[in-house]
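Quick notes on the structure that follows.
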Amino acid sequence: MTNSKDDGLTIGSYTFRSRLIVGSGKYADFSTTREATEAAEAELITVAVRRVNITDAGKENLLDFIDPARYTILPNTAGCFHAEDAVRTLRLAREAGGWNLVKLEVLGDTQTLYPNVVETIKAAEVLVADGFEVMVYTNDDPIVATRLEEIGCVAVMPLGNPIGSGRGLANPFNIHLIKQRAKVPIVVDAGIGTASDAAKAMELGADACLINTAIAEAADPMGMARAMRDAVRAGRQAYLAGRMPKRSFASASSPTDGYFW
């Protein structure tokens, strides 16, 4: 952490300048999705392929607003509760649009939207073997994160708090520990509610943040998108710079010896 220059984010075979990944759900319309994505200066946008139209040109299509030539589309398996459903969804997405970089999430129930780790691991094994570059949503368990990396996932995405909760980071220590052990990018996904949450995640060492609800449900989505953009950048630079040590007692900000009078 001696170089304060950020040289970009590499996930699998892709490289991005921005470390803010955005979602495409919960906006009032596709025009607002486009405006917020532009304000965030994001390059990677995740799309729930079971819920958002990106394949039927005969209907209102997100890709008419989010240009695939400008943005990398990240199909995700939101709404899947079994490994088989998730695998089938992403295979269909690849057939329809050629997308190979994907986000895997297999949920446990509709109330908490916590990941079903057993089903997630099953799906990850199949998808990696099938040639997908898998970014995987999981809980904040360092053991599970390591297992998903061992399977071959190109990024591990531990939650900060439940999806859409906006409660920030429930367990900063675990996020930091996951990052310390990882050799692939760690993306904090879910729970971020405001810019300070994003900055904190990046200061802990996260390689990126994925943010959707906090931007889409803000009173001013474009303003919040810009705030998140700046928070991710500032948090990353603070992490690279290396924070000062925490001390139990005061430490004078000027020398205490050699007084002039």
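In the structure tokens, the first chain shown is A, the next is B, and so on; residue numbers restart at 1 for each chain, and ligands run from 1 in the order shown.
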| task | Can you pull out every residue within 12 Å of stretch 196-206 of chain A, counting only C-alpha atoms, but drop anything in the same chain fewer than 6 positions away, and send it as a ChimeraX atom specification? | result | /A:1,9,19-21,155-161,166-190,212,214-215,224-225,227-243
| message | Could you go through stretch 183-245 of chain A and tell me which residues DSSP, when run on the backbone, assigns to strand (DSSP E or B), listing them as a ChimeraX atom specification? | response | /A:186-189,208-211
Please produce, as JSON lines, a per-residue contact table for stretch 18-58 of chain A versus stretch 62-78 of chain A (criterion: any atom at most 8 Å away, only C-alpha atoms considered), showing the nearest atom pair and its distance in Å to one decimal, sorted by chain then residue number.
{"residue": "A:Phe30", "atom": "CA", "partner": "A:Leu62", "partner_atom": "CA", "distance": 6.2}
{"residue": "A:Ser31", "atom": "CA", "partner": "A:Phe65", "partner_atom": "CA", "distance": 6.6}
{"residue": "A:Arg34", "atom": "CA", "partner": "A:Phe65", "partner_atom": "CA", "distance": 5.9}
{"residue": "A:Ala42", "atom": "CA", "partner": "A:Tyr71", "partner_atom": "CA", "distance": 7.9}
{"residue": "A:Glu43", "atom": "CA", "partner": "A:Tyr71", "partner_atom": "CA", "distance": 4.9}
{"residue": "A:Leu44", "atom": "CA", "partner": "A:Thr72", "partner_atom": "CA", "distance": 4.8}
{"residue": "A:Ile45", "atom": "CA", "partner": "A:Ile73", "partner_atom": "CA", "distance": 5.4}
{"residue": "A:Thr46", "atom": "CA", "partner": "A:Leu74", "partner_atom": "CA", "distance": 4.3}
{"residue": "A:Val47", "atom": "CA", "partner": "A:Pro75", "partner_atom": "CA", "distance": 4.9}
{"residue": "A:Ala48", "atom": "CA", "partner": "A:Asn76", "partner_atom": "CA", "distance": 5.0}
{"residue": "A:Val49", "atom": "CA", "partner": "A:Pro75", "partner_atom": "CA", "distance": 5.9}
{"residue": "A:Arg50", "atom": "CA", "partner": "A:Thr77", "partner_atom": "CA", "distance": 7.2}
{"residue": "A:Val52", "atom": "CA", "partner": "A:Leu62", "partner_atom": "CA", "distance": 7.3}
{"residue": "A:Asn53", "atom": "CA", "partner": "A:Leu62", "partner_atom": "CA", "distance": 6.2}
{"residue": "A:Ile54", "atom": "CA", "partner": "A:Leu62", "partner_atom": "CA", "distance": 5.6}
| query | Which residues, written as a PyMOL selection string, have at least one atom at most 7 Å from stretch 80-87 of chain A, with only C-alpha atoms counted and residues fewer than 3 positions away on the same chain left out? | reply | chain A and resi 77+90-91+106-108+119-120+122-123+127
| task | Could you jot down the atom CA of A:Ala208 to atom CA of A:Tyr114 separation for me, Å, one decimal place? | result |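 One can read the atom CA of A:Ala208 to atom CA of A:Tyr114 distance as 20.2 Å.
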Please return as a PDB file with N, CA, C and O atoms, in the first residue's frame: the residues of stretch 133-238 of chain A that backbone DSSP assigns to helix (DSSP H, G or I).
ATOM      1  N   PRO A 142     -15.432 -15.553   6.092  1.00  0.00           N
ATOM      2  CA  PRO A 142     -14.148 -15.693   5.405  1.00  0.00           C
ATOM      3  C   PRO A 142     -13.889 -17.101   4.870  1.00  0.00           C
ATOM      4  O   PRO A 142     -13.229 -17.256   3.837  1.00  0.00           O
ATOM      5  N   ILE A 143     -14.411 -18.129   5.540  1.00  0.00           N
ATOM      6  CA  ILE A 143     -14.195 -19.496   5.092  1.00  0.00           C
ATOM      7  C   ILE A 143     -14.940 -19.749   3.777  1.00  0.00           C
ATOM      8  O   ILE A 143     -14.413 -20.343   2.835  1.00  0.00           O
ATOM      9  N   VAL A 144     -16.177 -19.278   3.717  1.00  0.00           N
ATOM     10  CA  VAL A 144     -16.966 -19.424   2.495  1.00  0.00           C
ATOM     11  C   VAL A 144     -16.329 -18.634   1.356  1.00  0.00           C
ATOM     12  O   VAL A 144     -16.255 -19.108   0.212  1.00  0.00           O
ATOM     13  N   ALA A 145     -15.857 -17.436   1.652  1.00  0.00           N
ATOM     14  CA  ALA A 145     -15.217 -16.611   0.625  1.00  0.00           C
ATOM     15  C   ALA A 145     -14.008 -17.325   0.029  1.00  0.00           C
ATOM     16  O   ALA A 145     -13.817 -17.341  -1.193  1.00  0.00           O
ATOM     17  N   THR A 146     -13.203 -17.935   0.880  1.00  0.00           N
ATOM     18  CA  THR A 146     -12.037 -18.672   0.393  1.00  0.00           C
ATOM     19  C   THR A 146     -12.459 -19.862  -0.461  1.00  0.00           C
ATOM     20  O   THR A 146     -11.844 -20.143  -1.502  1.00  0.00           O
ATOM     21  N   ARG A 147     -13.496 -20.569  -0.044  1.00  0.00           N
ATOM     22  CA  ARG A 147     -13.967 -21.719  -0.820  1.00  0.00           C
ATOM     23  C   ARG A 147     -14.425 -21.296  -2.215  1.00  0.00           C
ATOM     24  O   ARG A 147     -14.123 -21.953  -3.216  1.00  0.00           O
ATOM     25  N   LEU A 148     -15.147 -20.184  -2.308  1.00  0.00           N
ATOM     26  CA  LEU A 148     -15.623 -19.704  -3.604  1.00  0.00           C
ATOM     27  C   LEU A 148     -14.458 -19.283  -4.497  1.00  0.00           C
ATOM     28  O   LEU A 148     -14.482 -19.503  -5.711  1.00  0.00           O
ATOM     29  N   GLU A 149     -13.439 -18.707  -3.897  1.00  0.00           N
ATOM     30  CA  GLU A 149     -12.236 -18.379  -4.672  1.00  0.00           C
ATOM     31  C   GLU A 149     -11.553 -19.648  -5.163  1.00  0.00           C
ATOM     32  O   GLU A 149     -11.106 -19.717  -6.313  1.00  0.00           O
ATOM     33  N   GLU A 150     -11.484 -20.661  -4.310  1.00  0.00           N
ATOM     34  CA  GLU A 150     -10.848 -21.921  -4.702  1.00  0.00           C
ATOM     35  C   GLU A 150     -11.592 -22.580  -5.867  1.00  0.00           C
ATOM     36  O   GLU A 150     -10.967 -23.210  -6.729  1.00  0.00           O
ATOM     37  N   ILE A 151     -12.902 -22.439  -5.906  1.00  0.00           N
ATOM     38  CA  ILE A 151     -13.690 -22.996  -7.001  1.00  0.00           C
ATOM     39  C   ILE A 151     -13.308 -22.355  -8.327  1.00  0.00           C
ATOM     40  O   ILE A 151     -13.347 -22.998  -9.379  1.00  0.00           O
ATOM     41  N   PRO A 172     -17.505  -5.039   9.868  1.00  0.00           N
ATOM     42  CA  PRO A 172     -16.323  -4.547   9.153  1.00  0.00           C
ATOM     43  C   PRO A 172     -15.106  -5.456   9.298  1.00  0.00           C
ATOM     44  O   PRO A 172     -14.325  -5.600   8.355  1.00  0.00           O
ATOM     45  N   PHE A 173     -14.959  -6.080  10.476  1.00  0.00           N
ATOM     46  CA  PHE A 173     -13.789  -6.943  10.686  1.00  0.00           C
ATOM     47  C   PHE A 173     -13.758  -8.078   9.679  1.00  0.00           C
ATOM     48  O   PHE A 173     -12.707  -8.403   9.117  1.00  0.00           O
ATOM     49  N   ASN A 174     -14.909  -8.703   9.433  1.00  0.00           N
ATOM     50  CA  ASN A 174     -14.939  -9.819   8.496  1.00  0.00           C
ATOM     51  C   ASN A 174     -14.637  -9.384   7.068  1.00  0.00           C
ATOM     52  O   ASN A 174     -13.972 -10.095   6.314  1.00  0.00           O
ATOM     53  N   ILE A 175     -15.134  -8.209   6.688  1.00  0.00           N
ATOM     54  CA  ILE A 175     -14.825  -7.693   5.345  1.00  0.00           C
ATOM     55  C   ILE A 175     -13.318  -7.516   5.201  1.00  0.00           C
ATOM     56  O   ILE A 175     -12.715  -7.913   4.190  1.00  0.00           O
ATOM     57  N   HIS A 176     -12.695  -6.946   6.215  1.00  0.00           N
ATOM     58  CA  HIS A 176     -11.246  -6.735   6.198  1.00  0.00           C
ATOM     59  C   HIS A 176     -10.505  -8.072   6.146  1.00  0.00           C
ATOM     60  O   HIS A 176      -9.536  -8.241   5.382  1.00  0.00           O
ATOM     61  N   LEU A 177     -10.970  -9.051   6.929  1.00  0.00           N
ATOM     62  CA  LEU A 177     -10.319 -10.360   6.959  1.00  0.00           C
ATOM     63  C   LEU A 177     -10.455 -11.070   5.617  1.00  0.00           C
ATOM     64  O   LEU A 177      -9.497 -11.682   5.124  1.00  0.00           O
ATOM     65  N   ILE A 178     -11.642 -10.995   5.019  1.00  0.00           N
ATOM     66  CA  ILE A 178     -11.845 -11.603   3.695  1.00  0.00           C
ATOM     67  C   ILE A 178     -10.868 -11.004   2.695  1.00  0.00           C
ATOM     68  O   ILE A 178     -10.251 -11.709   1.898  1.00  0.00           O
ATOM     69  N   LYS A 179     -10.724  -9.684   2.728  1.00  0.00           N
ATOM     70  CA  LYS A 179      -9.810  -9.016   1.806  1.00  0.00           C
ATOM     71  C   LYS A 179      -8.359  -9.434   2.042  1.00  0.00           C
ATOM     72  O   LYS A 179      -7.598  -9.669   1.087  1.00  0.00           O
ATOM     73  N   GLN A 180      -7.963  -9.542   3.295  1.00  0.00           N
ATOM     74  CA  GLN A 180      -6.590  -9.922   3.607  1.00  0.00           C
ATOM     75  C   GLN A 180      -6.237 -11.290   3.035  1.00  0.00           C
ATOM     76  O   GLN A 180      -5.099 -11.529   2.621  1.00  0.00           O
ATOM     77  N   ARG A 181      -7.205 -12.188   3.017  1.00  0.00           N
ATOM     78  CA  ARG A 181      -6.942 -13.561   2.586  1.00  0.00           C
ATOM     79  C   ARG A 181      -7.096 -13.762   1.075  1.00  0.00           C
ATOM     80  O   ARG A 181      -6.589 -14.745   0.530  1.00  0.00           O
ATOM     81  N   ALA A 195     -23.027   7.529   1.319  1.00  0.00           N
ATOM     82  CA  ALA A 195     -21.650   7.634   0.850  1.00  0.00           C
ATOM     83  C   ALA A 195     -20.629   7.202   1.897  1.00  0.00           C
ATOM     84  O   ALA A 195     -19.619   6.587   1.558  1.00  0.00           O
ATOM     85  N   SER A 196     -20.876   7.491   3.162  1.00  0.00           N
ATOM     86  CA  SER A 196     -19.915   7.117   4.202  1.00  0.00           C
ATOM     87  C   SER A 196     -19.776   5.604   4.312  1.00  0.00           C
ATOM     88  O   SER A 196     -18.693   5.096   4.639  1.00  0.00           O
ATOM     89  N   ASP A 197     -20.860   4.858   4.041  1.00  0.00           N
ATOM     90  CA  ASP A 197     -20.774   3.395   4.045  1.00  0.00           C
ATOM     91  C   ASP A 197     -19.841   2.913   2.940  1.00  0.00           C
ATOM     92  O   ASP A 197     -19.036   2.000   3.139  1.00  0.00           O
ATOM     93  N   ALA A 198     -19.969   3.503   1.763  1.00  0.00           N
ATOM     94  CA  ALA A 198     -19.120   3.116   0.641  1.00  0.00           C
ATOM     95  C   ALA A 198     -17.661   3.446   0.924  1.00  0.00           C
ATOM     96  O   ALA A 198     -16.762   2.640   0.648  1.00  0.00           O
ATOM     97  N   ALA A 199     -17.416   4.632   1.475  1.00  0.00           N
ATOM     98  CA  ALA A 199     -16.044   5.018   1.801  1.00  0.00           C
ATOM     99  C   ALA A 199     -15.439   4.062   2.822  1.00  0.00           C
ATOM    100  O   ALA A 199     -14.280   3.650   2.701  1.00  0.00           O
ATOM    101  N   LYS A 200     -16.227   3.683   3.831  1.00  0.00           N
ATOM    102  CA  LYS A 200     -15.738   2.760   4.848  1.00  0.00           C
ATOM    103  C   LYS A 200     -15.378   1.411   4.248  1.00  0.00           C
ATOM    104  O   LYS A 200     -14.331   0.839   4.572  1.00  0.00           O
ATOM    105  N   ALA A 201     -16.224   0.906   3.364  1.00  0.00           N
ATOM    106  CA  ALA A 201     -15.937  -0.383   2.726  1.00  0.00           C
ATOM    107  C   ALA A 201     -14.613  -0.321   1.970  1.00  0.00           C
ATOM    108  O   ALA A 201     -13.794  -1.247   2.043  1.00  0.00           O
ATOM    109  N   MET A 202     -14.404   0.764   1.249  1.00  0.00           N
ATOM    110  CA  MET A 202     -13.165   0.894   0.473  1.00  0.00           C
ATOM    111  C   MET A 202     -11.962   1.096   1.387  1.00  0.00           C
ATOM    112  O   MET A 202     -10.871   0.590   1.093  1.00  0.00           O
ATOM    113  N   GLU A 203     -12.123   1.822   2.482  1.00  0.00           N
ATOM    114  CA  GLU A 203     -11.027   2.013   3.429  1.00  0.00           C
ATOM    115  C   GLU A 203     -10.592   0.697   4.062  1.00  0.00           C
ATOM    116  O   GLU A 203      -9.426   0.522   4.425  1.00  0.00           O
ATOM    117  N   THR A 213     -29.849   0.108  -4.517  1.00  0.00           N
ATOM    118  CA  THR A 213     -30.977   0.719  -3.814  1.00  0.00           C
ATOM    119  C   THR A 213     -30.634   2.091  -3.255  1.00  0.00           C
ATOM    120  O   THR A 213     -31.460   3.009  -3.307  1.00  0.00           O
ATOM    121  N   ALA A 214     -29.444   2.245  -2.703  1.00  0.00           N
ATOM    122  CA  ALA A 214     -29.072   3.524  -2.084  1.00  0.00           C
ATOM    123  C   ALA A 214     -29.104   4.670  -3.089  1.00  0.00           C
ATOM    124  O   ALA A 214     -29.382   5.816  -2.726  1.00  0.00           O
ATOM    125  N   ILE A 215     -28.835   4.371  -4.341  1.00  0.00           N
ATOM    126  CA  ILE A 215     -28.912   5.397  -5.378  1.00  0.00           C
ATOM    127  C   ILE A 215     -30.335   5.525  -5.893  1.00  0.00           C
ATOM    128  O   ILE A 215     -30.895   6.619  -5.960  1.00  0.00           O
ATOM    129  N   ALA A 216     -30.956   4.388  -6.230  1.00  0.00           N
ATOM    130  CA  ALA A 216     -32.286   4.414  -6.848  1.00  0.00           C
ATOM    131  C   ALA A 216     -33.354   4.990  -5.940  1.00  0.00           C
ATOM    132  O   ALA A 216     -34.288   5.650  -6.405  1.00  0.00           O
ATOM    133  N   PRO A 221     -31.497  10.747  -7.054  1.00  0.00           N
ATOM    134  CA  PRO A 221     -30.630   9.640  -7.460  1.00  0.00           C
ATOM    135  C   PRO A 221     -29.335  10.086  -8.123  1.00  0.00           C
ATOM    136  O   PRO A 221     -28.274   9.496  -7.875  1.00  0.00           O
ATOM    137  N   MET A 222     -29.404  11.113  -8.968  1.00  0.00           N
ATOM    138  CA  MET A 222     -28.188  11.560  -9.637  1.00  0.00           C
ATOM    139  C   MET A 222     -27.197  12.157  -8.646  1.00  0.00           C
ATOM    140  O   MET A 222     -25.991  11.923  -8.727  1.00  0.00           O
ATOM    141  N   GLY A 223     -27.711  12.922  -7.687  1.00  0.00           N
ATOM    142  CA  GLY A 223     -26.840  13.480  -6.660  1.00  0.00           C
ATOM    143  C   GLY A 223     -26.201  12.392  -5.821  1.00  0.00           C
ATOM    144  O   GLY A 223     -25.010  12.447  -5.496  1.00  0.00           O
ATOM    145  N   MET A 224     -26.976  11.365  -5.464  1.00  0.00           N
ATOM    146  CA  MET A 224     -26.419  10.266  -4.674  1.00  0.00           C
ATOM    147  C   MET A 224     -25.431   9.457  -5.499  1.00  0.00           C
ATOM    148  O   MET A 224     -24.420   8.977  -4.970  1.00  0.00           O
ATOM    149  N   ALA A 225     -25.687   9.295  -6.788  1.00  0.00           N
ATOM    150  CA  ALA A 225     -24.746   8.577  -7.651  1.00  0.00           C
ATOM    151  C   ALA A 225     -23.391   9.275  -7.658  1.00  0.00           C
ATOM    152  O   ALA A 225     -22.340   8.623  -7.581  1.00  0.00           O
ATOM    153  N   ARG A 226     -23.409  10.593  -7.745  1.00  0.00           N
ATOM    154  CA  ARG A 226     -22.148  11.339  -7.724  1.00  0.00           C
ATOM    155  C   ARG A 226     -21.469  11.219  -6.361  1.00  0.00           C
ATOM    156  O   ARG A 226     -20.233  11.115  -6.269  1.00  0.00           O
ATOM    157  N   ALA A 227     -22.274  11.246  -5.286  1.00  0.00           N
ATOM    158  CA  ALA A 227     -21.708  11.106  -3.941  1.00  0.00           C
ATOM    159  C   ALA A 227     -21.047   9.740  -3.773  1.00  0.00           C
ATOM    160  O   ALA A 227     -19.954   9.620  -3.202  1.00  0.00           O
ATOM    161  N   MET A 228     -21.694   8.686  -4.256  1.00  0.00           N
ATOM    162  CA  MET A 228     -21.124   7.347  -4.172  1.00  0.00           C
ATOM    163  C   MET A 228     -19.853   7.242  -5.004  1.00  0.00           C
ATOM    164  O   MET A 228     -18.870   6.611  -4.594  1.00  0.00           O
ATOM    165  N   ARG A 229     -19.870   7.842  -6.177  1.00  0.00           N
ATOM    166  CA  ARG A 229     -18.673   7.869  -7.026  1.00  0.00           C
ATOM    167  C   ARG A 229     -17.487   8.455  -6.263  1.00  0.00           C
ATOM    168  O   ARG A 229     -16.389   7.874  -6.222  1.00  0.00           O
ATOM    169  N   ASP A 230     -17.702   9.602  -5.638  1.00  0.00           N
ATOM    170  CA  ASP A 230     -16.625  10.284  -4.931  1.00  0.00           C
ATOM    171  C   ASP A 230     -16.210   9.537  -3.665  1.00  0.00           C
ATOM    172  O   ASP A 230     -15.027   9.497  -3.314  1.00  0.00           O
ATOM    173  N   ALA A 231     -17.175   8.917  -2.988  1.00  0.00           N
ATOM    174  CA  ALA A 231     -16.871   8.176  -1.761  1.00  0.00           C
ATOM    175  C   ALA A 231     -16.011   6.953  -2.054  1.00  0.00           C
ATOM    176  O   ALA A 231     -15.064   6.651  -1.323  1.00  0.00           O
ATOM    177  N   VAL A 232     -16.339   6.240  -3.127  1.00  0.00           N
ATOM    178  CA  VAL A 232     -15.549   5.066  -3.514  1.00  0.00           C
ATOM    179  C   VAL A 232     -14.126   5.488  -3.866  1.00  0.00           C
ATOM    180  O   VAL A 232     -13.148   4.846  -3.462  1.00  0.00           O
ATOM    181  N   ARG A 233     -13.998   6.575  -4.586  1.00  0.00           N
ATOM    182  CA  ARG A 233     -12.662   7.058  -4.949  1.00  0.00           C
ATOM    183  C   ARG A 233     -11.881   7.475  -3.713  1.00  0.00           C
ATOM    184  O   ARG A 233     -10.698   7.125  -3.556  1.00  0.00           O
ATOM    185  N   ALA A 234     -12.526   8.229  -2.809  1.00  0.00           N
ATOM    186  CA  ALA A 234     -11.833   8.710  -1.614  1.00  0.00           C
ATOM    187  C   ALA A 234     -11.444   7.553  -0.703  1.00  0.00           C
ATOM    188  O   ALA A 234     -10.333   7.519  -0.154  1.00  0.00           O
ATOM    189  N   GLY A 235     -12.350   6.601  -0.526  1.00  0.00           N
ATOM    190  CA  GLY A 235     -12.043   5.457   0.315  1.00  0.00           C
ATOM    191  C   GLY A 235     -10.896   4.638  -0.231  1.00  0.00           C
ATOM    192  O   GLY A 235     -10.037   4.158   0.514  1.00  0.00           O
ATOM    193  N   ARG A 236     -10.864   4.470  -1.530  1.00  0.00           N
ATOM    194  CA  ARG A 236      -9.772   3.733  -2.164  1.00  0.00           C
ATOM    195  C   ARG A 236      -8.439   4.445  -1.958  1.00  0.00           C
ATOM    196  O   ARG A 236      -7.428   3.822  -1.605  1.00  0.00           O
ATOM    197  N   GLN A 237      -8.426   5.748  -2.164  1.00  0.00           N
ATOM    198  CA  GLN A 237      -7.180   6.502  -1.993  1.00  0.00           C
ATOM    199  C   GLN A 237      -6.715   6.482  -0.534  1.00  0.00           C
ATOM    200  O   GLN A 237      -5.516   6.402  -0.263  1.00  0.00           O
ATOM    201  N   ALA A 238      -7.660   6.537   0.412  1.00  0.00           N
ATOM    202  CA  ALA A 238      -7.289   6.462   1.826  1.00  0.00           C
ATOM    203  C   ALA A 238      -6.674   5.107   2.150  1.00  0.00           C
ATOM    204  O   ALA A 238      -5.691   5.015   2.899  1.00  0.00           O
TER     205      ALA A 238
END
| said: Could you tell me how far atom CA of A:Val102 sits from atom CA of A:Pro115, in Å to one decimal place? | reply: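 Taking atom CA of A:Pro115 and atom CA of A:Val102, their separation equals 16.3 Å.
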| task | Would you please work out which residue, of A:Tyr137, A:Tyr14, A:Ala219, A:Thr33, is nearest to A:Ile163 when using only C-alpha atoms? | result |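 Of all the options, A:Tyr137 lies closest to A:Ile163.
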| request: Would you work out the distance separating atom CA of A:Glu41 from atom CA of A:Ile211, expressed in Å to one decimal? | output: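 Between atom CA of A:Glu41 and atom CA of A:Ile211 the gap works out to 12.6 Å.
Closest to A:Ser13 among A:Glu35, A:Val154, A:Gly25, A:Glu60 is A:Val154, based on only C-alpha atoms.
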